file coords-v6.cif (mmCIF, C-alpha atoms)
data_structure
#
loop_
_atom_site.label_atom_id
_atom_site.label_comp_id
_atom_site.auth_asym_id
_atom_site.auth_seq_id
_atom_site.Cartn_x
_atom_site.Cartn_y
_atom_site.Cartn_z
CA MET A 1 91.20 96.49 115.53
CA ARG A 2 91.64 100.26 115.18
CA VAL A 3 94.65 100.98 112.97
CA LEU A 4 96.28 104.30 112.07
CA VAL A 5 98.37 104.30 108.88
CA VAL A 6 100.62 107.34 108.71
CA GLY A 7 101.56 108.26 105.14
CA ALA A 8 99.60 107.53 101.97
CA GLY A 9 102.38 106.60 99.59
CA PRO A 10 102.33 103.16 97.95
CA ALA A 11 103.25 101.30 101.16
CA GLY A 12 100.75 103.14 103.35
CA SER A 13 97.84 103.05 100.92
CA LEU A 14 98.29 99.36 100.15
CA THR A 15 98.53 98.50 103.86
CA ALA A 16 95.36 100.50 104.53
CA MET A 17 93.55 98.88 101.61
CA LEU A 18 94.41 95.32 102.66
CA LEU A 19 93.54 95.91 106.32
CA ALA A 20 90.26 97.63 105.46
CA LYS A 21 89.30 94.70 103.21
CA SER A 22 89.98 92.39 106.18
CA GLY A 23 87.47 94.28 108.29
CA HIS A 24 89.76 96.47 110.41
CA GLU A 25 88.86 100.06 111.28
CA VAL A 26 91.57 101.92 109.35
CA THR A 27 92.42 105.62 109.37
CA LEU A 28 94.83 106.69 106.59
CA VAL A 29 96.39 110.08 107.27
CA ASP A 30 98.74 112.12 105.11
CA ARG A 31 99.97 115.68 105.47
CA SER A 32 99.06 116.42 101.82
CA SER A 33 95.83 116.43 99.88
CA PHE A 34 95.74 114.02 96.95
CA PRO A 35 96.78 113.94 94.20
CA ARG A 36 100.27 115.09 95.14
CA ASP A 37 103.70 114.49 93.58
CA LYS A 38 106.85 112.75 94.86
CA ALA A 39 110.45 112.66 93.66
CA CYS A 40 110.89 109.39 91.79
CA GLY A 41 112.07 107.87 88.53
CA ASP A 42 108.37 107.23 87.80
CA VAL A 43 108.97 103.59 86.85
CA ILE A 44 107.08 100.62 88.29
CA GLY A 45 109.51 97.70 88.00
CA PRO A 46 108.84 94.05 87.13
CA LEU A 47 108.40 92.75 90.69
CA ALA A 48 106.07 95.62 91.60
CA LEU A 49 104.02 95.03 88.45
CA ALA A 50 103.72 91.34 89.28
CA MET A 51 102.49 92.15 92.79
CA LEU A 52 99.97 94.70 91.51
CA ASP A 53 98.68 92.10 89.08
CA ARG A 54 98.20 89.58 91.90
CA LEU A 55 96.30 92.20 93.89
CA GLY A 56 94.10 93.10 90.93
CA VAL A 57 95.43 96.68 90.66
CA GLU A 58 95.56 97.80 87.02
CA LEU A 59 97.60 100.67 85.59
CA SER A 60 95.20 101.99 82.99
CA GLY A 61 96.31 103.87 79.90
CA ASP A 62 99.03 103.40 77.29
CA ARG A 63 102.28 103.16 79.27
CA HIS A 64 105.86 103.29 78.01
CA ARG A 65 107.51 99.92 78.59
CA ILE A 66 111.05 99.82 79.97
CA GLY A 67 113.00 96.62 79.33
CA SER A 68 116.63 96.40 78.28
CA MET A 69 118.51 99.60 79.08
CA TRP A 70 121.94 101.12 78.78
CA LEU A 71 124.32 101.46 81.72
CA GLY A 72 127.10 104.01 81.28
CA PHE A 73 130.14 105.33 83.09
CA GLU A 74 132.54 108.07 81.95
CA GLY A 75 131.60 107.83 78.28
CA ARG A 76 131.48 104.04 78.00
CA GLU A 77 128.27 102.03 78.09
CA MET A 78 126.89 98.51 78.01
CA LEU A 79 123.40 97.19 77.29
CA MET A 80 121.74 95.32 80.17
CA PRO A 81 119.28 92.84 78.60
CA ALA A 82 115.92 92.34 80.28
CA ARG A 83 114.18 88.98 80.30
CA ALA A 84 111.17 87.48 82.05
CA GLY A 85 111.91 85.70 85.32
CA LEU A 86 110.21 83.13 87.49
CA ASN A 87 107.43 85.45 88.63
CA HIS A 88 107.75 88.64 86.59
CA GLY A 89 107.57 89.78 82.98
CA GLY A 90 111.04 91.30 82.78
CA TYR A 91 109.90 94.86 82.09
CA GLY A 92 108.66 97.94 83.90
CA LEU A 93 106.09 100.61 83.03
CA THR A 94 106.34 104.37 83.42
CA ILE A 95 103.70 106.20 85.45
CA ARG A 96 104.13 109.42 87.34
CA ARG A 97 104.04 109.11 91.10
CA LYS A 98 101.31 111.73 91.30
CA GLU A 99 99.06 109.38 89.33
CA PHE A 100 100.27 106.08 90.82
CA ASP A 101 100.02 107.18 94.45
CA ASP A 102 96.57 108.65 93.85
CA LEU A 103 95.43 105.37 92.27
CA LEU A 104 96.39 103.35 95.37
CA TYR A 105 95.08 106.05 97.70
CA ARG A 106 91.65 105.96 96.03
CA GLN A 107 91.57 102.17 96.20
CA ALA A 108 92.29 102.29 99.95
CA ILE A 109 89.36 104.65 100.44
CA THR A 110 87.10 102.48 98.27
CA ALA A 111 88.07 99.49 100.41
CA GLY A 112 86.79 101.30 103.50
CA ALA A 113 89.74 103.21 104.94
CA GLU A 114 88.91 106.62 106.39
CA SER A 115 91.14 109.29 104.85
CA ARG A 116 92.33 112.36 106.72
CA VAL A 117 94.69 115.21 105.92
CA GLY A 118 96.77 116.00 108.97
CA VAL A 119 100.11 115.99 110.74
CA VAL A 120 101.08 113.23 113.17
CA GLY A 121 103.27 114.19 116.12
CA ASP A 122 104.39 111.92 118.94
CA VAL A 123 103.34 108.28 119.12
CA GLN A 124 103.54 106.76 122.61
CA ARG A 125 102.37 103.52 124.23
CA SER A 126 99.72 104.19 126.87
CA GLY A 127 98.52 100.98 128.48
CA PRO A 128 96.71 98.79 125.94
CA HIS A 129 96.60 101.59 123.35
CA LEU A 130 98.93 103.83 121.37
CA ARG A 131 98.37 107.51 122.02
CA VAL A 132 98.93 109.64 118.92
CA LEU A 133 99.17 113.41 118.64
CA LEU A 134 97.20 114.10 115.45
CA ASP A 135 96.83 117.75 114.45
CA GLY A 136 97.43 118.79 118.05
CA ARG A 137 94.82 116.44 119.54
CA GLN A 138 95.42 113.16 121.36
CA GLU A 139 93.78 110.10 119.81
CA GLU A 140 94.09 106.41 120.65
CA PHE A 141 94.67 103.47 118.30
CA ASP A 142 95.44 99.80 118.78
CA ILE A 143 98.13 99.72 116.08
CA VAL A 144 100.12 102.36 114.19
CA VAL A 145 101.76 101.72 110.81
CA GLY A 146 104.54 104.14 109.93
CA ALA A 147 104.57 104.67 106.16
CA ASP A 148 105.89 108.21 106.44
CA GLY A 149 109.10 107.93 104.46
CA ALA A 150 112.82 108.17 105.07
CA ASN A 151 112.45 110.83 107.78
CA SER A 152 109.71 108.88 109.56
CA GLY A 153 108.39 110.75 112.58
CA VAL A 154 106.66 107.58 113.77
CA ALA A 155 110.00 105.71 113.88
CA ARG A 156 111.72 108.62 115.57
CA SER A 157 109.10 109.14 118.29
CA MET A 158 109.08 105.41 119.13
CA GLY A 159 112.89 105.16 119.26
CA MET A 160 112.95 102.74 116.31
CA VAL A 161 115.77 104.40 114.37
CA GLU A 162 119.46 104.92 115.10
CA PRO A 163 120.44 108.04 113.08
CA GLU A 164 124.17 107.36 113.28
CA ARG A 165 123.82 103.95 111.59
CA ILE A 166 121.31 104.51 108.81
CA LEU A 167 122.33 104.69 105.16
CA LEU A 168 120.86 107.73 103.45
CA GLY A 169 120.66 108.83 99.86
CA PHE A 170 119.26 111.91 98.16
CA ALA A 171 117.60 112.02 94.75
CA LEU A 172 116.71 114.99 92.56
CA ARG A 173 114.56 114.58 89.45
CA ARG A 174 113.27 116.76 86.65
CA HIS A 175 110.23 116.39 84.42
CA LEU A 176 110.93 118.03 81.09
CA SER A 177 109.82 117.98 77.49
CA GLY A 178 112.10 116.19 75.07
CA SER A 179 113.18 112.84 73.72
CA VAL A 180 115.79 110.21 74.62
CA ARG A 181 117.61 107.85 72.29
CA ALA A 182 117.07 104.95 74.74
CA ASP A 183 116.24 104.55 78.43
CA ARG A 184 119.44 104.54 80.45
CA VAL A 185 121.17 104.73 83.81
CA ASP A 186 124.69 106.11 84.35
CA LEU A 187 127.02 105.44 87.26
CA LEU A 188 128.36 108.71 88.65
CA LEU A 189 131.22 109.86 90.83
CA GLY A 190 131.72 113.52 91.55
CA GLY A 191 129.84 116.72 92.21
CA ARG A 192 130.72 119.62 94.44
CA GLY A 193 131.96 118.65 97.89
CA PRO A 194 132.90 115.07 98.89
CA ILE A 195 133.20 112.58 96.01
CA THR A 196 130.04 110.54 96.38
CA PRO A 197 128.94 107.41 94.50
CA GLY A 198 125.65 107.79 92.72
CA TYR A 199 123.72 107.29 89.53
CA GLY A 200 121.85 109.28 86.92
CA TRP A 201 118.83 108.19 84.90
CA VAL A 202 116.70 109.30 82.00
CA PHE A 203 113.45 107.52 81.15
CA ASP A 204 110.98 108.16 78.38
CA GLN A 205 107.60 108.97 79.92
CA GLY A 206 105.72 108.95 76.64
CA GLY A 207 104.02 111.93 75.03
CA GLY A 208 107.32 113.75 74.52
CA GLN A 209 108.10 113.86 78.24
CA LEU A 210 111.25 112.75 80.08
CA ASN A 211 112.09 111.91 83.68
CA LEU A 212 115.73 112.84 84.28
CA GLY A 213 117.46 112.72 87.64
CA VAL A 214 120.40 111.83 89.84
CA GLY A 215 120.72 110.07 93.18
CA VAL A 216 123.72 110.05 95.51
CA GLY A 217 124.65 107.98 98.52
CA VAL A 218 125.57 110.03 101.58
CA GLY A 219 125.81 107.45 104.39
CA GLY A 220 124.72 109.24 107.52
CA GLU A 221 126.17 112.62 106.43
CA ARG A 222 123.40 114.71 104.91
CA THR A 223 125.90 117.43 103.98
CA ARG A 224 127.27 115.10 101.29
CA ALA A 225 124.11 115.86 99.32
CA ARG A 226 125.16 119.44 98.68
CA GLY A 227 125.92 120.01 95.05
CA VAL A 228 123.31 117.53 93.80
CA ARG A 229 121.64 120.16 91.60
CA GLU A 230 125.02 121.00 90.08
CA LEU A 231 125.60 117.29 89.46
CA LEU A 232 122.19 117.03 87.77
CA ASP A 233 122.98 120.07 85.61
CA GLN A 234 126.28 118.45 84.58
CA TYR A 235 124.60 115.14 83.83
CA GLN A 236 121.87 116.77 81.74
CA GLN A 237 124.43 118.79 79.76
CA ASP A 238 126.55 115.69 79.14
CA LEU A 239 123.54 113.84 77.73
CA LEU A 240 122.75 116.83 75.51
CA ASP A 241 126.35 117.13 74.29
CA ARG A 242 126.40 113.43 73.39
CA LYS A 243 123.01 113.78 71.64
CA ILE A 244 121.47 111.13 73.88
CA ILE A 245 118.61 113.48 74.77
CA THR A 246 116.97 116.56 73.32
CA THR A 247 115.07 118.96 75.53
CA ALA A 248 112.75 121.91 75.08
CA GLY A 249 111.07 124.20 77.55
CA ALA A 250 111.12 124.53 81.32
CA HIS A 251 111.38 121.66 83.79
CA GLN A 252 109.69 120.70 87.04
CA GLU A 253 112.18 119.73 89.75
CA MET A 254 111.69 117.82 92.99
CA GLY A 255 114.02 116.13 95.48
CA GLY A 256 113.69 113.66 98.32
CA TRP A 257 115.63 111.60 100.86
CA LEU A 258 116.01 107.83 100.65
CA LYS A 259 116.67 105.49 103.58
CA MET A 260 118.39 102.40 102.24
CA GLY A 261 119.52 98.97 103.32
CA LEU A 262 117.30 98.52 106.42
CA VAL A 263 120.23 98.96 108.84
CA GLY A 264 119.64 101.19 111.85
CA THR A 265 115.86 100.73 111.81
CA ARG A 266 113.77 98.42 113.99
CA VAL A 267 110.81 97.62 111.75
CA ALA A 268 108.36 96.66 114.51
CA SER A 269 108.09 97.52 118.18
CA ASP A 270 105.28 97.54 120.72
CA GLY A 271 102.43 97.49 118.20
CA VAL A 272 104.08 99.94 115.78
CA TYR A 273 105.05 98.65 112.32
CA LEU A 274 107.18 100.37 109.67
CA VAL A 275 106.77 99.79 105.93
CA GLY A 276 108.47 101.00 102.76
CA ASP A 277 110.98 103.83 102.99
CA ALA A 278 110.22 104.30 106.71
CA ALA A 279 111.63 100.80 107.26
CA GLY A 280 114.72 101.56 105.12
CA LEU A 281 113.80 99.07 102.41
CA VAL A 282 115.17 101.04 99.46
CA ASN A 283 117.68 99.30 97.16
CA PRO A 284 121.12 100.73 98.18
CA LEU A 285 122.55 100.26 94.68
CA GLN A 286 119.99 102.07 92.52
CA GLY A 287 117.44 103.69 94.82
CA GLU A 288 114.32 101.74 93.79
CA GLY A 289 111.77 101.24 96.54
CA ILE A 290 108.32 100.64 95.03
CA ALA A 291 108.52 96.83 94.94
CA ALA A 292 109.79 96.67 98.53
CA ALA A 293 107.10 99.14 99.62
CA LEU A 294 104.37 96.94 98.18
CA MET A 295 105.86 93.72 99.54
CA SER A 296 106.34 95.15 103.05
CA ALA A 297 102.77 96.45 102.99
CA SER A 298 101.48 92.99 102.12
CA LEU A 299 103.60 91.37 104.84
CA CYS A 300 102.57 93.97 107.40
CA ALA A 301 98.85 93.63 106.69
CA SER A 302 99.10 89.83 106.89
CA VAL A 303 100.93 89.95 110.25
CA ILE A 304 98.50 92.48 111.73
CA ASP A 305 95.53 90.47 110.51
CA ARG A 306 96.87 87.36 112.24
CA TRP A 307 98.76 88.66 115.28
CA GLY A 308 97.47 92.18 115.92
CA VAL A 309 99.57 94.08 118.45
CA ASP A 310 101.61 90.96 119.21
CA GLY A 311 103.09 90.56 115.73
CA ASP A 312 106.38 92.42 116.23
CA ALA A 313 108.60 89.32 116.11
CA ALA A 314 106.64 87.78 113.22
CA TYR A 315 106.94 90.95 111.13
CA ARG A 316 110.66 91.37 111.84
CA SER A 317 111.19 87.75 110.84
CA ALA A 318 109.22 88.20 107.61
CA ILE A 319 111.16 91.33 106.66
CA ASP A 320 114.43 89.57 107.45
CA GLN A 321 113.50 86.58 105.29
CA HIS A 322 112.42 88.63 102.27
CA PHE A 323 114.97 91.44 102.27
CA ARG A 324 118.04 90.79 104.39
CA LYS A 325 120.27 88.90 101.94
CA PHE A 326 120.29 91.49 99.18
CA LEU A 327 120.01 94.57 101.39
CA ALA A 328 122.97 93.47 103.51
CA THR A 329 125.05 93.07 100.34
CA GLY A 330 123.87 96.41 98.92
CA TYR A 331 124.53 98.16 102.22
CA THR A 332 128.08 96.83 102.31
CA ILE A 333 128.81 97.82 98.71
CA GLN A 334 127.46 101.33 99.29
CA ARG A 335 129.50 101.78 102.50
CA LEU A 336 132.68 100.57 100.80
CA ALA A 337 132.01 102.87 97.83
CA LEU A 338 131.62 105.85 100.14
CA ALA A 339 134.86 105.01 101.93
CA HIS A 340 136.96 104.16 98.85
CA PRO A 341 136.02 106.36 95.85
CA LYS A 342 139.21 105.58 93.87
CA ALA A 343 138.63 101.84 94.09
CA THR A 344 134.98 102.45 93.24
CA ARG A 345 135.95 104.28 90.05
CA LEU A 346 138.17 101.38 88.97
CA ALA A 347 135.38 98.89 89.71
CA MET A 348 132.86 100.91 87.68
CA GLN A 349 135.28 101.22 84.76
CA SER A 350 135.98 97.49 84.81
CA LEU A 351 132.29 96.58 85.01
CA VAL A 352 131.31 98.58 81.93
CA ARG A 353 134.42 97.56 79.97
CA VAL A 354 133.83 93.85 80.56
CA GLY A 355 130.06 94.16 80.17
CA ARG A 356 130.50 95.67 76.69
CA ARG A 357 132.14 92.42 75.58
CA SER A 358 130.05 89.89 77.51
CA GLU A 359 126.26 89.77 77.41
CA ARG A 360 126.28 87.37 80.37
CA ILE A 361 128.17 89.89 82.51
CA ALA A 362 125.90 92.74 81.43
CA SER A 363 122.77 90.66 81.97
CA GLY A 364 124.03 89.31 85.30
CA TRP A 365 124.78 92.78 86.60
CA GLY A 366 121.32 93.97 85.58
CA ILE A 367 119.71 91.04 87.38
CA PHE A 368 121.78 91.54 90.54
CA TRP A 369 121.65 95.34 90.61
CA ASN A 370 117.86 95.34 90.32
CA ASP A 371 117.46 92.71 93.08
CA LEU A 372 116.05 90.12 90.68
CA THR A 373 118.60 87.39 91.42
CA GLU A 374 116.25 85.18 93.41
CA HIS A 375 113.53 85.70 90.79
CA SER A 376 115.62 85.22 87.64
CA GLY A 377 115.29 81.50 86.88
CA PRO A 378 117.59 79.76 84.38
CA GLN A 379 118.61 82.49 81.93
CA PRO A 380 121.84 84.04 80.59
CA GLY A 381 123.47 86.01 83.38
CA ALA A 382 121.72 84.21 86.23
CA PHE A 383 124.92 82.47 87.34
CA VAL A 384 126.77 85.80 87.27
CA ALA A 385 124.05 87.39 89.40
CA TRP A 386 124.11 84.57 91.94
CA SER A 387 127.91 84.76 92.04
CA ALA A 388 127.74 88.50 92.72
CA LEU A 389 125.23 87.97 95.52
CA THR A 390 127.31 85.16 97.05
CA LEU A 391 130.49 87.24 96.84
CA GLY A 392 128.65 90.18 98.36
CA GLN A 393 127.55 88.01 101.27
CA SER A 394 131.16 86.95 101.86
CA VAL A 395 132.41 90.54 101.74
CA THR A 396 129.64 91.54 104.12
CA THR A 397 130.80 88.88 106.58
CA PHE A 398 134.47 89.83 106.53
CA THR A 399 134.54 93.64 106.22
CA LYS A 400 134.04 96.40 108.75
CA ALA A 401 131.30 97.76 106.48
CA ARG A 402 129.02 94.84 107.33
CA PRO A 403 125.69 95.79 108.84
CA SER A 404 124.80 95.09 112.43
CA TRP A 405 121.15 94.09 112.33
CA PRO A 406 118.61 94.94 115.01
CA ASP A 407 116.80 92.13 116.79
#

call {"tool": "encode", "arguments": {"input": "coords-v6.cif", "output": "structure tokens"}}
result
Amino acid sequence: MRVLVVGAGPAGSLTAMLLAKSGHEVTLVDRSSFPRDKACGDVIGPLALAMLDRLGVELSGDRHRIGSMWLGFEGREMLMPARAGLNHGGYGLTIRRKEFDDLLYRQAITAGAESRVGVVGDVQRSGPHLRVLLDGRQEEFDIVVGADGANSGVARSMGMVEPERILLGFALRRHLSGSVRADRVDLLLGGRGPITPGYGWVFDQGGGQLNLGVGVGVGGERTRARGVRELLDQYQQDLLDRKIITTAGAHQEMGGWLKMGLVGTRVASDGVYLVGDAAGLVNPLQGEGIAAALMSASLCASVIDRWGVDGDAAYRSAIDQHFRKFLATGYTIQRLALAHPKATRLAMQSLVRVGRRSERIASGWGIFWNDLTEHSGPQPGAFVAWSALTLGQSVTTFTKARPSWPD
């Protein structure tokens, strides 16, 4: 089976690696030469670490461990405890995307995938094959995997995305020298232009380096992302004023779009499969997508290995089973937050106020927010997390913000 994987981020490289190991003829193409950087919080979370461990992928070197962290809003904060779950260790590790993506990219090549630097244009079905415009030349493949991010050209050319229904976010991060009192995330409302729900983060990268950034939800209106740099400046200054961070020297800044919540994207059609951000598998509540990228890559490779070009329904079913419950809830919460900023502010204030007094509430929110509910096991906060997910499902059913899922 001749397979083209478009995009060599974590989802694309892992898909290529697994398919190459299964004996398929795999071409992995990316528009950039590796190593290259990506906008990210540079944290590999507990579920992603567990999957990498199962696949035998090691993150070498001395990594900063991220476990319990602070969640703040408008000057108040609560500590979200981190504990091991049913199939994860309860902590994440920091690694820059430039290094992490290159690690998986090299493993795909070692497994037998052919790597190419190039730009993919239209993808069209032509009889038994898919005809792909690659660097201005037509080439034919049996299967195409779109791992080309939130603005996936593969999805667009195959009519697999409905732009008016997708849920977008935009993130801007800075690498800078300095120190942080403790790893943290802050809920944010504000910025220039429309009031937009979002979050800020600052993570210790080790070696006197910080990753600091903000992400905002914009729905389908990209113009809501204007003012993100100003919001990041304000967030950084607030952390400095409160002596949560110290900084020194210049910073390196990078931004990127997120496609969240799966809605508005058909993940498989006519021998074309979408994985990771291209499929819209980013967490709508906090923007994390590495774990979902790796899981979707594993599911996609398994379906292709078994069903080939006829695996559309099987892959859609697998994605639905693994992601739909939480992503539908997250999508609904994000849509309601965009539509009702005043109610969102009250909800954020109440969450942090109550979480300061109750470890179970703080722990439960951390479990739910990080999509660990179904992996938590019997631990403090698990009941709170399950209650939040159940309530979210009910709200999704009865509000106009509920997603309408593709077949």

call {"tool": "atom_distance", "arguments": {"input": "coords-v6.cif", "atom1": "CA of Ile166 in chain A", "atom2": "CA of Met260 in chain A"}}
result
7.5 Å

call {"tool": "closest_residue", "arguments": {"input": "coords-v6.cif", "among": "A:Leu49, A:Leu391, A:Cys300, A:Leu258", "to": "Phe170 in chain A", "atoms": "all atoms listed in the file"}}
result
A:Leu258

call {"tool": "atom_distance", "arguments": {"input": "coords-v6.cif", "atom1": "CA of Gly136 in chain A", "atom2": "CA of Asp122 in chain A"}}
result
9.8 Å

call {"tool": "closest_residue", "arguments": {"input": "coords-v6.cif", "among": "A:Phe34, A:Tyr315, A:Phe398, A:Phe73", "to": "Gly198 in chain A", "atoms": "only C-alpha atoms"}}
result
A:Phe73

call {"tool": "closest_residue", "arguments": {"input": "coords-v6.cif", "among": "A:Leu71, A:Met295, A:Ala155, A:Ala108", "to": "Leu351 in chain A", "atoms": "all atoms listed in the file"}}
result
A:Leu71

call {"tool": "closest_residue", "arguments": {"input": "coords-v6.cif", "among": "A:Val144, A:Met254, A:Ala50, A:Ala111", "to": "Gly89 in chain A", "atoms": "all atoms listed in the file"}}
result
A:Ala50

call {"tool": "residues_around", "arguments": {"input": "coords-v6.cif", "residues": "range 92-102 of chain A", "least_positions_apart": "4", "cutoff": "7 Å", "atoms": "all atoms listed in the file", "output": "list of chain:residue names"}}
result
A:Gly9, A:Pro10, A:Phe34, A:Pro35, A:Arg36, A:Asp37, A:Lys38, A:Cys40, A:Asp42, A:Val43, A:Ile44, A:Gly45, A:Pro46, A:Arg63, A:His64, A:Arg65, A:Ile66, A:Gly67, A:Arg106, A:Gln205

call {"tool": "closest_residue", "arguments": {"input": "coords-v6.cif", "among": "A:Asp270, A:Thr246, A:Ala16, A:Trp386", "to": "Gly308 in chain A", "atoms": "only C-alpha atoms"}}
result
A:Asp270

call {"tool": "atom_distance", "arguments": {"input": "coords-v6.cif", "atom1": "CA of Glu77 in chain A", "atom2": "CA of Trp257 in chain A"}}
result
27.7 Å

call {"tool": "residues_around", "arguments": {"input": "coords-v6.cif", "residues": "range 375-385 of chain A", "least_positions_apart": "2", "cutoff": "8 Å", "atoms": "all atoms listed in the file", "output": "compact mmCIF listing (two decimals) with C-alpha atoms, keeping the file's coordinate frame"}}
result
# COMPACT_ATOMS: atom_id res chain seq x y z
CA ALA A 84 111.17 87.48 82.05
CA GLY A 85 111.91 85.70 85.32
CA LEU A 86 110.21 83.13 87.49
CA ASN A 87 107.43 85.45 88.63
CA HIS A 88 107.75 88.64 86.59
CA GLU A 359 126.26 89.77 77.41
CA ARG A 360 126.28 87.37 80.37
CA ILE A 361 128.17 89.89 82.51
CA ALA A 362 125.90 92.74 81.43
CA SER A 363 122.77 90.66 81.97
CA GLY A 364 124.03 89.31 85.30
CA TRP A 365 124.78 92.78 86.60
CA ILE A 367 119.71 91.04 87.38
CA PHE A 368 121.78 91.54 90.54
CA LEU A 372 116.05 90.12 90.68
CA THR A 373 118.60 87.39 91.42
CA SER A 387 127.91 84.76 92.04
CA ALA A 388 127.74 88.50 92.72
CA LEU A 389 125.23 87.97 95.52

call {"tool": "closest_residue", "arguments": {"input": "coords-v6.cif", "among": "A:Gln334, A:Ser269, A:Thr329, A:Asn370", "to": "Met160 in chain A", "atoms": "only C-alpha atoms"}}
result
A:Ser269

call {"tool": "closest_atom_pairs", "arguments": {"input": "coords-v6.cif", "of": "range 123-197 of chain A", "to": "range 285-293 of chain A", "cutoff": "10 Å", "atoms": "only C-alpha atoms", "output": "Markdown table"}}
result
| residue | atom | partner | partner_atom | distance |
| --- | --- | --- | --- | --- |
| A:Ala147 | CA | A:Ala293 | CA | 8.9 |
| A:Gly169 | CA | A:Gly287 | CA | 7.9 |
| A:Phe170 | CA | A:Gly287 | CA | 9.1 |
| A:Ala171 | CA | A:Gly287 | CA | 8.3 |
| A:Val185 | CA | A:Gln286 | CA | 9.2 |
| A:Leu187 | CA | A:Gln286 | CA | 9.4 |
| A:Pro197 | CA | A:Leu285 | CA | 9.6 |

call {"tool": "residues_around", "arguments": {"input": "coords-v6.cif", "residues": "Lys259 in chain A", "least_positions_apart": "2", "cutoff": "6 Å", "atoms": "only C-alpha atoms", "output": "short mmCIF file (atom, residue, chain, number, x, y, z; two decimals) with C-alpha atoms, keeping the file's coordinate frame"}}
result
data_model
loop_
_atom_site.label_atom_id
_atom_site.label_comp_id
_atom_site.auth_asym_id
_atom_site.auth_seq_id
_atom_site.Cartn_x
_atom_site.Cartn_y
_atom_site.Cartn_z
CA ALA A 150 112.82 108.17 105.07
CA LEU A 167 122.33 104.69 105.16
CA LEU A 168 120.86 107.73 103.45
CA ASP A 277 110.98 103.83 102.99
CA GLY A 280 114.72 101.56 105.12
#

call {"tool": "axis_aligned_box", "arguments": {"input": "coords-v6.cif", "around": "range 231-237 of chain A", "padding_each_side": "5 Å", "output": "lines of an AutoDock Vina configuration file"}}
result
center_x = 124.1
center_y = 117.6
center_z = 84.6
size_x = 14.4
size_y = 14.9
size_z = 19.7

call {"tool": "resolve_selection", "arguments": {"input": "coords-v6.cif", "expression": "the PyMOL selection byres ((chain A and resi 231) around 10)", "output": "list of chain:residue names"}}
result
A:Leu172, A:Leu188, A:Leu189, A:Gly190, A:Gly191, A:Arg192, A:Gly200, A:Gly213, A:Val214, A:Gly215, A:Val216, A:Arg226, A:Gly227, A:Val228, A:Arg229, A:Glu230, A:Leu232, A:Asp233, A:Gln234, A:Tyr235, A:Gln236, A:Gln237

call {"tool": "write_last_selection", "arguments": {"input": "coords-v6.cif", "atoms": "C-alpha atoms", "output": "PDB file, keeping the file's coordinate frame"}}
result
ATOM      1  CA  LEU A 172     116.710 114.990  92.560  1.00  0.00           C
ATOM      2  CA  LEU A 188     128.360 108.710  88.650  1.00  0.00           C
ATOM      3  CA  LEU A 189     131.220 109.860  90.830  1.00  0.00           C
ATOM      4  CA  GLY A 190     131.720 113.520  91.550  1.00  0.00           C
ATOM      5  CA  GLY A 191     129.840 116.720  92.210  1.00  0.00           C
ATOM      6  CA  ARG A 192     130.720 119.620  94.440  1.00  0.00           C
ATOM      7  CA  GLY A 200     121.850 109.280  86.920  1.00  0.00           C
ATOM      8  CA  GLY A 213     117.460 112.720  87.640  1.00  0.00           C
ATOM      9  CA  VAL A 214     120.400 111.830  89.840  1.00  0.00           C
ATOM     10  CA  GLY A 215     120.720 110.070  93.180  1.00  0.00           C
ATOM     11  CA  VAL A 216     123.720 110.050  95.510  1.00  0.00           C
ATOM     12  CA  ARG A 226     125.160 119.440  98.680  1.00  0.00           C
ATOM     13  CA  GLY A 227     125.920 120.010  95.050  1.00  0.00           C
ATOM     14  CA  VAL A 228     123.310 117.530  93.800  1.00  0.00           C
ATOM     15  CA  ARG A 229     121.640 120.160  91.600  1.00  0.00           C
ATOM     16  CA  GLU A 230     125.020 121.000  90.080  1.00  0.00           C
ATOM     17  CA  LEU A 232     122.190 117.030  87.770  1.00  0.00           C
ATOM     18  CA  ASP A 233     122.980 120.070  85.610  1.00  0.00           C
ATOM     19  CA  GLN A 234     126.280 118.450  84.580  1.00  0.00           C
ATOM     20  CA  TYR A 235     124.600 115.140  83.830  1.00  0.00           C
ATOM     21  CA  GLN A 236     121.870 116.770  81.740  1.00  0.00           C
ATOM     22  CA  GLN A 237     124.430 118.790  79.760  1.00  0.00           C
TER      23      GLN A 237
END

call {"tool": "resolve_selection", "arguments": {"input": "coords-v6.cif", "expression": "the PyMOL selection byres ((chain A and resi 158) around 12)", "output": "JSON, numbers by chain"}}
result
{"A": [121, 122, 123, 124, 125, 130, 131, 132, 144, 145, 146, 152, 153, 154, 155, 156, 157, 159, 160, 161, 162, 265, 266, 267, 268, 269, 270, 271, 272, 273, 274]}

call {"tool": "residues_around", "arguments": {"input": "coords-v6.cif", "residues": "Val303 in chain A", "least_positions_apart": "5", "cutoff": "12 Å", "atoms": "only C-alpha atoms", "output": "list in words"}}
result
Thr15, Leu18, Leu19, Ser22, Ile143, Val145, Ala268, Gly271, Val272, Tyr273, Ser296, Ala297, Ser298, Gly308, Val309, Asp310, Gly311, Asp312, Ala313, Ala314, Tyr315, Arg316, Ser317, Ala318 and Ile319 of chain A
